[in-house]
Amino acid sequence: MTQRIAYNIIQVLVVMIFSPLIKGIIDRLKERVQSKKGPSIFQVYRDIRKLFHKDEVISEESSWIFRFTPYIVFVAPIFVALLIPVLTDYPLFFAFMGDMLAGGSILALGGFFAVLAAIDTGNPYGPMGASRTRMVGFLAEPVFMIVFFTVSFVAGSTIPYIVQQAWITPVANFFAPAHILVLLAFLMLIIAENGRIPVDNPSGHFELAMIDESKGLEYSGRGAALMKWGGCMKFFVLLCIFLNVLVCPWGLADTGSSWGLLLAIPLILLKMLVFVIILVVIESSLSKLRLFRISEFMGAAFVTSVVAVVIQLAGM
Amino acid sequence: MVQLNALAGALFVLTVFGIVGMRQVIGSLRLFVIQSLLLAGSACILGYEYTSVHLFVVAGITIFTKAFMIPWLLYHMLSHEIHARREITQVLNIPTSLLIAAGLVIGSYFMVRPLLDIGAGAFLKVNLPIGVAGLLIGGYAITVRREALPQLLGILTMENGAFLAGVCIAPNLPLMAELAAAFDVLIIALVVGLLTRSIQKRVGSTLVGKMTSLKEE
């Protein structure tokens, strides 16, 4: 009992500590692909530390939403990290507190407050980026739902720990068409939700073209640090769901021994490194879509997930 | 094996969607090549399961004609058209087209339901509806796209869909029929290609949608 609570807390700490590292590796790799030197992979940690030491400036026109949002954005991924398998393949203490839909809604709550805070200050770029984020968000929503329905239909449950077992028992299930199609749809979803390149350019500094980044423009000091860290953790948590529940449920700790748990940390980082390399290849070989082409990108994801459902329902 | 065949079928559907949703001609052509390779893969799996040499020959013919000869012919006859940077014009916009195509897939599952209820094997359950879907979506691409080359790709997609359904219904079709069909496809590509080329020389574009009136010289 106490052991399971302790493991759950370790899981959250892993998410908190290693999420900026993944972001740093992506930034570095992208620059290397463009044959530049690139920042150090620890640059994101330094940025966050620097921001914590700076003064915070808050507009007098803003309301309590603006002040509370960084904390909500920071805390939401931590709650989700309690629910999903990050290190172990058996349910931990808080795992039955909520299913995957609960996790999705907690993440959506963080996004919702970030959008409200961007509108709150009255800065012209904030609402523009916020409304674009909502546009991508509501196009992503049906894909999200259908992917979850397919996955829970296959596994007969919405608890992620049960779902991950369904894909690999027997191993032939791994090659089920519904599985591969759901993977593709979820990959497109991760790209859209995190503002990666075919949808949005995360390293662009031109306010008019921003989608995801413009929400945090008004923050400074501690607020900016929390928003940044929260964004890194959201990405990390989504990757955990993608890699541990959908793609590759191997390599997680399966017994109660603490060595297995310690071994699972480098393994999950290794899996993420492989995924990050694929992501960098995707980002470097595509160009950003025009705003109204995003609906086509999400339409493709939607159709992929619908085909997954149809094949699962009618074929098997 | 059943799962692998189903996977090939699922990816086949995705490439068919790509034929409807792609904006560049060259992308559609590449997808068509992938689609033909998937068809050949499905034929190989079925050939292994039914221990039928015919299906391996079908796979070989498919790879030869559709993955090599047709792209090669089109590259040589219409390289200007293929490498065009402009976007394919369509009657409906792409999200609507994709939704209609998804509807066609669901519809084809309902269409083949009575046939499957008679008592079908696991392979038939995958290949038949997906083949019918390929047939329908190929036909849809022909009606919606306004240019000659994408329409040709629509015809070839229909043909691929028919083959995918065919290899599971009749694993021991006489070889003559397969050869004739493959040769037919090659001739279709050749004729349409030549026609497109001469149209482009005369009129300067291959936008079929704009050619509504006859022109006297």
# chains A, B, ... in the order shown; residues from 1 in each chain; ligands from 1
call {"tool": "interface_residues", "arguments": {"of": "chain A", "to": "chain B", "cutoff": "8 Å", "atoms": "only C-alpha atoms", "output": "NGL selection string"}}
result
:A and (172-173 or 175-178 or 180-181 or 295-296 or 299-300 or 303-304 or 306-308 or 310-311 or 314-316)
call {"tool": "write_last_selection", "arguments": {"atoms": "C-alpha atoms", "output": "PDB file, in the first residue's frame"}}
result
ATOM      1  CA  ALA A 172      -0.660 -10.955 -33.019  1.00  0.00           C
ATOM      2  CA  ASN A 173      -3.023  -8.281 -31.691  1.00  0.00           C
ATOM      3  CA  PHE A 175      -0.590  -6.077 -35.887  1.00  0.00           C
ATOM      4  CA  ALA A 176      -4.365  -5.699 -35.813  1.00  0.00           C
ATOM      5  CA  PRO A 177      -5.340  -3.088 -38.411  1.00  0.00           C
ATOM      6  CA  ALA A 178      -7.328  -1.106 -35.855  1.00  0.00           C
ATOM      7  CA  ILE A 180      -1.974   0.504 -36.491  1.00  0.00           C
ATOM      8  CA  LEU A 181      -4.627   2.970 -37.674  1.00  0.00           C
ATOM      9  CA  SER A 295      -8.824  21.193 -41.188  1.00  0.00           C
ATOM     10  CA  GLU A 296      -7.603  18.873 -43.969  1.00  0.00           C
ATOM     11  CA  GLY A 299      -9.795  15.502 -41.464  1.00  0.00           C
ATOM     12  CA  ALA A 300      -7.214  12.930 -42.504  1.00  0.00           C
ATOM     13  CA  VAL A 303     -10.932   9.502 -41.402  1.00  0.00           C
ATOM     14  CA  THR A 304      -8.075   7.266 -40.238  1.00  0.00           C
ATOM     15  CA  VAL A 306     -13.124   6.181 -38.387  1.00  0.00           C
ATOM     16  CA  VAL A 307     -11.680   3.478 -40.632  1.00  0.00           C
ATOM     17  CA  ALA A 308     -10.110   1.925 -37.534  1.00  0.00           C
ATOM     18  CA  VAL A 310     -15.253   0.408 -38.939  1.00  0.00           C
ATOM     19  CA  ILE A 311     -12.684  -2.323 -39.475  1.00  0.00           C
ATOM     20  CA  ALA A 314     -17.274  -5.054 -38.962  1.00  0.00           C
ATOM     21  CA  GLY A 315     -14.167  -7.027 -39.728  1.00  0.00           C
ATOM     22  CA  MET A 316     -13.268  -8.993 -36.659  1.00  0.00           C
TER      23      MET A 316
END
call {"tool": "residues_around", "arguments": {"residues": "A:Thr121", "least_positions_apart": "3", "cutoff": "12 Å", "atoms": "only C-alpha atoms", "output": "JSON, numbers by chain"}}
result
{"A": [58, 59, 60, 61, 62, 63, 64, 65, 66, 67, 114, 115, 116, 117, 118, 124, 125, 126, 127, 130, 215, 216, 217, 218, 219]}
call {"tool": "write_last_selection", "arguments": {"atoms": "C-alpha atoms", "output": "mmCIF file, in the first residue's frame"}}
result
data_model
loop_
_atom_site.group_PDB
_atom_site.id
_atom_site.type_symbol
_atom_site.label_atom_id
_atom_site.label_comp_id
_atom_site.auth_asym_id
_atom_site.auth_seq_id
_atom_site.Cartn_x
_atom_site.Cartn_y
_atom_site.Cartn_z
ATOM 1 C CA ILE A 58 1.047 41.412 -14.240
ATOM 2 C CA SER A 59 -1.217 43.744 -16.150
ATOM 3 C CA GLU A 60 -3.536 45.793 -13.938
ATOM 4 C CA GLU A 61 -6.396 45.100 -16.344
ATOM 5 C CA SER A 62 -6.234 41.360 -15.822
ATOM 6 C CA SER A 63 -8.454 39.351 -13.492
ATOM 7 C CA TRP A 64 -7.850 36.404 -11.169
ATOM 8 C CA ILE A 65 -7.971 33.991 -14.125
ATOM 9 C CA PHE A 66 -4.694 35.347 -15.414
ATOM 10 C CA ARG A 67 -3.020 34.831 -12.024
ATOM 11 C CA ALA A 114 -4.715 28.916 -20.836
ATOM 12 C CA VAL A 115 -7.108 30.124 -23.538
ATOM 13 C CA LEU A 116 -9.131 32.194 -21.057
ATOM 14 C CA ALA A 117 -5.967 33.779 -19.664
ATOM 15 C CA ALA A 118 -4.785 34.695 -23.163
ATOM 16 C CA PRO A 124 -4.302 41.699 -29.416
ATOM 17 C CA TYR A 125 -2.120 38.655 -30.130
ATOM 18 C CA GLY A 126 -3.397 36.601 -27.220
ATOM 19 C CA PRO A 127 -7.047 36.219 -28.284
ATOM 20 C CA ALA A 130 -6.371 31.530 -28.383
ATOM 21 C CA LYS A 215 -1.031 31.978 -25.153
ATOM 22 C CA GLY A 216 2.000 32.488 -22.928
ATOM 23 C CA LEU A 217 3.162 35.778 -24.412
ATOM 24 C CA GLU A 218 1.925 37.927 -21.546
ATOM 25 C CA TYR A 219 3.538 35.911 -18.781
#
call {"tool": "closest_residue", "arguments": {"among": "B:Gly139, B:Gly41, B:Pro150, B:Pro71", "to": "B:Leu186", "atoms": "only C-alpha atoms"}}
result
B:Pro71
call {"tool": "residues_around", "arguments": {"residues": "A:Met188", "least_positions_apart": "4", "cutoff": "8 Å", "atoms": "only C-alpha atoms", "output": "list in words"}}
result
Leu184, Ala192, Met298 and Ala301 of chain A
call {"tool": "closest_residue", "arguments": {"among": "A:Lys234, A:Lys37, A:Arg28, A:Arg4", "to": "A:Tyr90", "atoms": "only C-alpha atoms"}}
result
A:Arg4
call {"tool": "select_by_dssp", "arguments": {"residues": "stretch 95-234 of chain A", "states": "helix (DSSP H, G or I)", "output": "ChimeraX atom specification"}}
result
/A:95-97,100-120,125-155,160-168,171-175,177-193,207-209,213-216,221-234
call {"tool": "write_last_selection", "arguments": {"atoms": "C-alpha atoms", "output": "compact mmCIF listing (two decimals), in the first residue's frame"}}
result
# COMPACT_ATOMS: atom_id res chain seq x y z
CA ALA A 95 -4.79 4.54 -10.98
CA PHE A 96 -8.47 3.82 -10.47
CA MET A 97 -9.24 7.40 -9.53
CA MET A 100 -8.38 7.84 -19.88
CA LEU A 101 -11.34 10.14 -20.47
CA ALA A 102 -10.72 11.71 -17.07
CA GLY A 103 -7.09 12.25 -18.02
CA GLY A 104 -8.14 13.84 -21.29
CA SER A 105 -10.56 16.17 -19.53
CA ILE A 106 -7.97 17.22 -16.95
CA LEU A 107 -5.54 18.11 -19.74
CA ALA A 108 -8.34 19.93 -21.56
CA LEU A 109 -9.06 21.91 -18.37
CA GLY A 110 -5.48 23.23 -18.40
CA GLY A 111 -5.85 24.16 -22.07
CA PHE A 112 -9.18 25.86 -21.38
CA PHE A 113 -7.72 28.08 -18.67
CA ALA A 114 -4.72 28.92 -20.84
CA VAL A 115 -7.11 30.12 -23.54
CA LEU A 116 -9.13 32.19 -21.06
CA ALA A 117 -5.97 33.78 -19.66
CA ALA A 118 -4.78 34.70 -23.16
CA ILE A 119 -8.07 36.52 -23.80
CA ASP A 120 -8.04 38.07 -20.32
CA TYR A 125 -2.12 38.65 -30.13
CA GLY A 126 -3.40 36.60 -27.22
CA PRO A 127 -7.05 36.22 -28.28
CA MET A 128 -5.98 35.59 -31.88
CA GLY A 129 -3.75 32.71 -30.86
CA ALA A 130 -6.37 31.53 -28.38
CA SER A 131 -9.11 31.34 -30.99
CA ARG A 132 -6.78 29.48 -33.34
CA THR A 133 -5.93 27.04 -30.58
CA ARG A 134 -9.63 26.45 -30.06
CA MET A 135 -10.03 25.86 -33.80
CA VAL A 136 -7.35 23.17 -33.80
CA GLY A 137 -8.75 21.90 -30.51
CA PHE A 138 -12.28 21.33 -31.68
CA LEU A 139 -11.04 19.69 -34.87
CA ALA A 140 -8.91 17.39 -32.72
CA GLU A 141 -11.72 16.56 -30.32
CA PRO A 142 -13.66 14.07 -32.50
CA VAL A 143 -10.43 12.24 -33.37
CA PHE A 144 -9.58 12.03 -29.69
CA MET A 145 -12.99 10.61 -28.83
CA ILE A 146 -13.02 8.05 -31.63
CA VAL A 147 -9.48 6.89 -30.84
CA PHE A 148 -10.50 6.39 -27.21
CA PHE A 149 -13.69 4.60 -28.16
CA THR A 150 -11.82 2.23 -30.47
CA VAL A 151 -9.19 1.53 -27.86
CA SER A 152 -11.68 0.91 -25.09
CA PHE A 153 -13.88 -1.16 -27.38
CA VAL A 154 -10.96 -3.46 -28.14
CA ALA A 155 -9.87 -3.74 -24.53
CA PRO A 160 -5.06 2.52 -19.45
CA TYR A 161 -3.41 -0.34 -17.52
CA ILE A 162 -5.95 -2.81 -18.90
CA VAL A 163 -5.80 -1.36 -22.41
CA GLN A 164 -2.06 -1.83 -22.75
CA GLN A 165 -2.37 -5.54 -21.95
CA ALA A 166 -5.05 -6.01 -24.62
CA TRP A 167 -2.69 -5.00 -27.44
CA ILE A 168 -0.04 -7.59 -26.67
CA VAL A 171 1.24 -10.67 -29.71
CA ALA A 172 -0.66 -10.96 -33.02
CA ASN A 173 -3.02 -8.28 -31.69
CA PHE A 174 -0.18 -5.82 -32.10
CA PHE A 175 -0.59 -6.08 -35.89
CA PRO A 177 -5.34 -3.09 -38.41
CA ALA A 178 -7.33 -1.11 -35.86
CA HIS A 179 -4.20 -0.82 -33.71
CA ILE A 180 -1.97 0.50 -36.49
CA LEU A 181 -4.63 2.97 -37.67
CA VAL A 182 -5.25 4.21 -34.14
CA LEU A 183 -1.51 4.75 -33.78
CA LEU A 184 -1.41 6.86 -36.93
CA ALA A 185 -4.41 8.91 -35.84
CA PHE A 186 -2.98 9.47 -32.37
CA LEU A 187 0.38 10.51 -33.82
CA MET A 188 -1.37 13.18 -35.89
CA LEU A 189 -3.27 14.18 -32.77
CA ILE A 190 -0.06 14.64 -30.74
CA ILE A 191 1.39 16.78 -33.51
CA ALA A 192 -1.70 18.98 -33.58
CA GLU A 193 -2.19 19.22 -29.82
CA GLU A 207 3.28 36.72 -33.30
CA LEU A 208 0.88 36.89 -36.22
CA ALA A 209 1.63 33.32 -37.24
CA GLU A 213 2.89 29.90 -28.34
CA SER A 214 0.91 33.11 -28.23
CA LYS A 215 -1.03 31.98 -25.15
CA GLY A 216 2.00 32.49 -22.93
CA GLY A 221 8.86 35.54 -14.25
CA ARG A 222 7.39 32.71 -12.23
CA GLY A 223 4.19 32.55 -14.31
CA ALA A 224 6.18 32.08 -17.50
CA ALA A 225 8.32 29.39 -15.88
CA LEU A 226 5.25 27.47 -14.71
CA MET A 227 3.57 27.76 -18.10
CA LYS A 228 6.71 26.52 -19.82
CA TRP A 229 7.25 23.64 -17.43
CA GLY A 230 3.56 22.75 -17.62
CA GLY A 231 3.75 22.65 -21.41
CA CYS A 232 6.78 20.33 -21.26
CA MET A 233 4.97 18.04 -18.83
CA LYS A 234 1.85 17.95 -20.97
call {"tool": "residues_around", "arguments": {"residues": "B:Arg197", "least_positions_apart": "5", "cutoff": "10 Å", "atoms": "only C-alpha atoms", "output": "PDB file with C-alpha atoms, in the first residue's frame"}}
result
ATOM      1  CA  MET B  77       4.681  10.719 -71.498  1.00  0.00           C
ATOM      2  CA  LEU B  78       3.510  13.358 -69.068  1.00  0.00           C
ATOM      3  CA  HIS B  80       5.383  18.011 -67.241  1.00  0.00           C
ATOM      4  CA  GLU B  81       1.945  17.226 -65.850  1.00  0.00           C
ATOM      5  CA  ALA B 148      -7.204  13.992 -66.700  1.00  0.00           C
ATOM      6  CA  VAL B 191      -4.207   5.440 -74.182  1.00  0.00           C
ATOM      7  CA  VAL B 192      -5.288   7.917 -71.547  1.00  0.00           C
ATOM      8  CA  ARG B 202      -3.849  21.428 -78.470  1.00  0.00           C
ATOM      9  CA  GLY B 204      -2.791  23.927 -73.219  1.00  0.00           C
ATOM     10  CA  SER B 205      -4.409  22.413 -70.156  1.00  0.00           C
ATOM     11  CA  THR B 206      -5.873  19.161 -68.997  1.00  0.00           C
TER      12      THR B 206
END
call {"tool": "closest_atom_pairs", "arguments": {"of": "stretch 126-157 of chain B", "to": "stretch 24-36 of chain B", "cutoff": "8 Å", "atoms": "only C-alpha atoms", "output": "Markdown table"}}
result
| residue | atom | partner | partner_atom | distance |
| --- | --- | --- | --- | --- |
| B:Leu149 | CA | B:Val25 | CA | 7.6 |
| B:Pro150 | CA | B:Val25 | CA | 6.8 |
| B:Leu153 | CA | B:Leu29 | CA | 7.3 |
| B:Thr157 | CA | B:Phe32 | CA | 7.3 |
call {"tool": "atom_distance", "arguments": {"atom1": "atom CA of B:Tyr48", "atom2": "atom CA of B:Leu128"}}
result
18.2 Å
call {"tool": "atom_distance", "arguments": {"atom1": "atom CA of A:Met16", "atom2": "atom CA of A:Ile41"}}
result
15.9 Å
call {"tool": "closest_residue", "arguments": {"among": "A:Asn244, A:Ser287, A:Thr169, A:Gln3", "to": "A:Met272", "atoms": "only C-alpha atoms"}}
result
A:Asn244
call {"tool": "closest_residue", "arguments": {"among": "A:Val245, A:Arg290, A:Arg46, A:Phe236", "to": "A:Met210", "atoms": "only C-alpha atoms"}}
result
A:Arg290
call {"tool": "residues_around", "arguments": {"residues": "A:Leu261", "least_positions_apart": "4", "cutoff": "7 Å", "atoms": "only C-alpha atoms", "output": "list in words"}}
result
Leu87, Thr88, Ala253, Ser257 and Ile265 of chain A
call {"tool": "select_by_dssp", "arguments": {"residues": "chain B", "states": "strand (DSSP E or B)", "output": "list in words"}}
result
Gln90, Arg145, Glu147 and Leu207 of chain B
call {"tool": "residues_around", "arguments": {"residues": "A:Val15", "least_positions_apart": "6", "cutoff": "9 Å", "atoms": "only C-alpha atoms", "output": "ChimeraX atom specification"}}
result
/A:77-78,81,86,233,236-237
call {"tool": "closest_residue", "arguments": {"among": "A:Val199, A:Val281, A:Leu270, A:Leu289", "to": "A:Asp212", "atoms": "only C-alpha atoms"}}
result
A:Val199
call {"tool": "decode", "arguments": {"residues": "stretch 99-129 of chain B", "atoms": "N, CA and C atoms", "output": "PDB file, in the first residue's frame"}}
result
ATOM      1  N   LEU B  99     -14.876  12.981 -46.069  1.00  0.00           N
ATOM      2  CA  LEU B  99     -16.028  12.482 -45.308  1.00  0.00           C
ATOM      3  C   LEU B  99     -16.895  11.592 -46.176  1.00  0.00           C
ATOM      4  N   ILE B 100     -17.113  12.017 -47.446  1.00  0.00           N
ATOM      5  CA  ILE B 100     -17.929  11.191 -48.342  1.00  0.00           C
ATOM      6  C   ILE B 100     -17.248   9.844 -48.562  1.00  0.00           C
ATOM      7  N   ALA B 101     -15.905   9.874 -48.702  1.00  0.00           N
ATOM      8  CA  ALA B 101     -15.179   8.621 -48.904  1.00  0.00           C
ATOM      9  C   ALA B 101     -15.336   7.715 -47.686  1.00  0.00           C
ATOM     10  N   ALA B 102     -15.286   8.316 -46.474  1.00  0.00           N
ATOM     11  CA  ALA B 102     -15.481   7.497 -45.265  1.00  0.00           C
ATOM     12  C   ALA B 102     -16.870   6.891 -45.266  1.00  0.00           C
ATOM     13  N   GLY B 103     -17.869   7.703 -45.710  1.00  0.00           N
ATOM     14  CA  GLY B 103     -19.227   7.180 -45.819  1.00  0.00           C
ATOM     15  C   GLY B 103     -19.290   6.015 -46.790  1.00  0.00           C
ATOM     16  N   LEU B 104     -18.540   6.120 -47.912  1.00  0.00           N
ATOM     17  CA  LEU B 104     -18.545   5.037 -48.890  1.00  0.00           C
ATOM     18  C   LEU B 104     -17.967   3.756 -48.306  1.00  0.00           C
ATOM     19  N   VAL B 105     -16.923   3.906 -47.466  1.00  0.00           N
ATOM     20  CA  VAL B 105     -16.342   2.708 -46.849  1.00  0.00           C
ATOM     21  C   VAL B 105     -17.384   2.008 -45.975  1.00  0.00           C
ATOM     22  N   ILE B 106     -18.075   2.834 -45.137  1.00  0.00           N
ATOM     23  CA  ILE B 106     -19.090   2.232 -44.263  1.00  0.00           C
ATOM     24  C   ILE B 106     -20.187   1.595 -45.101  1.00  0.00           C
ATOM     25  N   GLY B 107     -20.587   2.323 -46.182  1.00  0.00           N
ATOM     26  CA  GLY B 107     -21.621   1.788 -47.057  1.00  0.00           C
ATOM     27  C   GLY B 107     -21.222   0.472 -47.677  1.00  0.00           C
ATOM     28  N   SER B 108     -19.947   0.351 -48.060  1.00  0.00           N
ATOM     29  CA  SER B 108     -19.547  -0.897 -48.718  1.00  0.00           C
ATOM     30  C   SER B 108     -19.561  -2.053 -47.730  1.00  0.00           C
ATOM     31  N   TYR B 109     -19.286  -1.752 -46.443  1.00  0.00           N
ATOM     32  CA  TYR B 109     -19.404  -2.823 -45.450  1.00  0.00           C
ATOM     33  C   TYR B 109     -20.841  -3.320 -45.368  1.00  0.00           C
ATOM     34  N   PHE B 110     -21.806  -2.361 -45.440  1.00  0.00           N
ATOM     35  CA  PHE B 110     -23.200  -2.800 -45.381  1.00  0.00           C
ATOM     36  C   PHE B 110     -23.588  -3.563 -46.642  1.00  0.00           C
ATOM     37  N   MET B 111     -23.020  -3.128 -47.782  1.00  0.00           N
ATOM     38  CA  MET B 111     -23.368  -3.767 -49.045  1.00  0.00           C
ATOM     39  C   MET B 111     -22.970  -5.233 -49.078  1.00  0.00           C
ATOM     40  N   VAL B 112     -21.764  -5.531 -48.555  1.00  0.00           N
ATOM     41  CA  VAL B 112     -21.295  -6.912 -48.674  1.00  0.00           C
ATOM     42  C   VAL B 112     -21.776  -7.780 -47.515  1.00  0.00           C
ATOM     43  N   ARG B 113     -22.475  -7.178 -46.553  1.00  0.00           N
ATOM     44  CA  ARG B 113     -22.924  -7.931 -45.396  1.00  0.00           C
ATOM     45  C   ARG B 113     -23.707  -9.203 -45.771  1.00  0.00           C
ATOM     46  N   PRO B 114     -24.721  -9.113 -46.695  1.00  0.00           N
ATOM     47  CA  PRO B 114     -25.449 -10.341 -47.054  1.00  0.00           C
ATOM     48  C   PRO B 114     -24.539 -11.424 -47.617  1.00  0.00           C
ATOM     49  N   LEU B 115     -23.528 -11.023 -48.381  1.00  0.00           N
ATOM     50  CA  LEU B 115     -22.614 -12.015 -48.951  1.00  0.00           C
ATOM     51  C   LEU B 115     -21.804 -12.687 -47.862  1.00  0.00           C
ATOM     52  N   LEU B 116     -21.373 -11.879 -46.876  1.00  0.00           N
ATOM     53  CA  LEU B 116     -20.523 -12.448 -45.827  1.00  0.00           C
ATOM     54  C   LEU B 116     -21.315 -13.358 -44.907  1.00  0.00           C
ATOM     55  N   ASP B 117     -22.633 -13.074 -44.773  1.00  0.00           N
ATOM     56  CA  ASP B 117     -23.426 -13.872 -43.850  1.00  0.00           C
ATOM     57  C   ASP B 117     -23.570 -15.316 -44.300  1.00  0.00           C
ATOM     58  N   ILE B 118     -23.379 -15.560 -45.605  1.00  0.00           N
ATOM     59  CA  ILE B 118     -23.520 -16.926 -46.107  1.00  0.00           C
ATOM     60  C   ILE B 118     -22.487 -17.841 -45.448  1.00  0.00           C
ATOM     61  N   GLY B 119     -21.403 -17.250 -45.025  1.00  0.00           N
ATOM     62  CA  GLY B 119     -20.382 -18.074 -44.390  1.00  0.00           C
ATOM     63  C   GLY B 119     -19.066 -17.829 -45.104  1.00  0.00           C
ATOM     64  N   ALA B 120     -18.332 -16.846 -44.637  1.00  0.00           N
ATOM     65  CA  ALA B 120     -17.115 -16.462 -45.330  1.00  0.00           C
ATOM     66  C   ALA B 120     -15.919 -16.665 -44.419  1.00  0.00           C
ATOM     67  N   GLY B 121     -14.772 -16.877 -45.029  1.00  0.00           N
ATOM     68  CA  GLY B 121     -13.543 -17.030 -44.262  1.00  0.00           C
ATOM     69  C   GLY B 121     -13.065 -15.688 -43.753  1.00  0.00           C
ATOM     70  N   ALA B 122     -12.002 -15.751 -42.951  1.00  0.00           N
ATOM     71  CA  ALA B 122     -11.487 -14.530 -42.344  1.00  0.00           C
ATOM     72  C   ALA B 122     -10.911 -13.593 -43.400  1.00  0.00           C
ATOM     73  N   PHE B 123     -10.382 -14.175 -44.496  1.00  0.00           N
ATOM     74  CA  PHE B 123      -9.776 -13.312 -45.514  1.00  0.00           C
ATOM     75  C   PHE B 123     -10.841 -12.557 -46.287  1.00  0.00           C
ATOM     76  N   LEU B 124     -11.946 -13.285 -46.567  1.00  0.00           N
ATOM     77  CA  LEU B 124     -13.022 -12.657 -47.334  1.00  0.00           C
ATOM     78  C   LEU B 124     -13.579 -11.468 -46.570  1.00  0.00           C
ATOM     79  N   LYS B 125     -13.656 -11.602 -45.244  1.00  0.00           N
ATOM     80  CA  LYS B 125     -14.224 -10.549 -44.427  1.00  0.00           C
ATOM     81  C   LYS B 125     -13.438  -9.258 -44.562  1.00  0.00           C
ATOM     82  N   VAL B 126     -12.142  -9.362 -44.833  1.00  0.00           N
ATOM     83  CA  VAL B 126     -11.330  -8.156 -44.966  1.00  0.00           C
ATOM     84  C   VAL B 126     -11.331  -7.694 -46.412  1.00  0.00           C
ATOM     85  N   ASN B 127     -11.000  -8.606 -47.335  1.00  0.00           N
ATOM     86  CA  ASN B 127     -10.727  -8.178 -48.693  1.00  0.00           C
ATOM     87  C   ASN B 127     -11.964  -7.730 -49.452  1.00  0.00           C
ATOM     88  N   LEU B 128     -13.083  -8.411 -49.230  1.00  0.00           N
ATOM     89  CA  LEU B 128     -14.250  -8.086 -50.040  1.00  0.00           C
ATOM     90  C   LEU B 128     -14.752  -6.667 -49.778  1.00  0.00           C
ATOM     91  N   PRO B 129     -15.054  -6.298 -48.503  1.00  0.00           N
ATOM     92  CA  PRO B 129     -15.542  -4.923 -48.301  1.00  0.00           C
ATOM     93  C   PRO B 129     -14.522  -3.874 -48.690  1.00  0.00           C
TER      94      PRO B 129
END
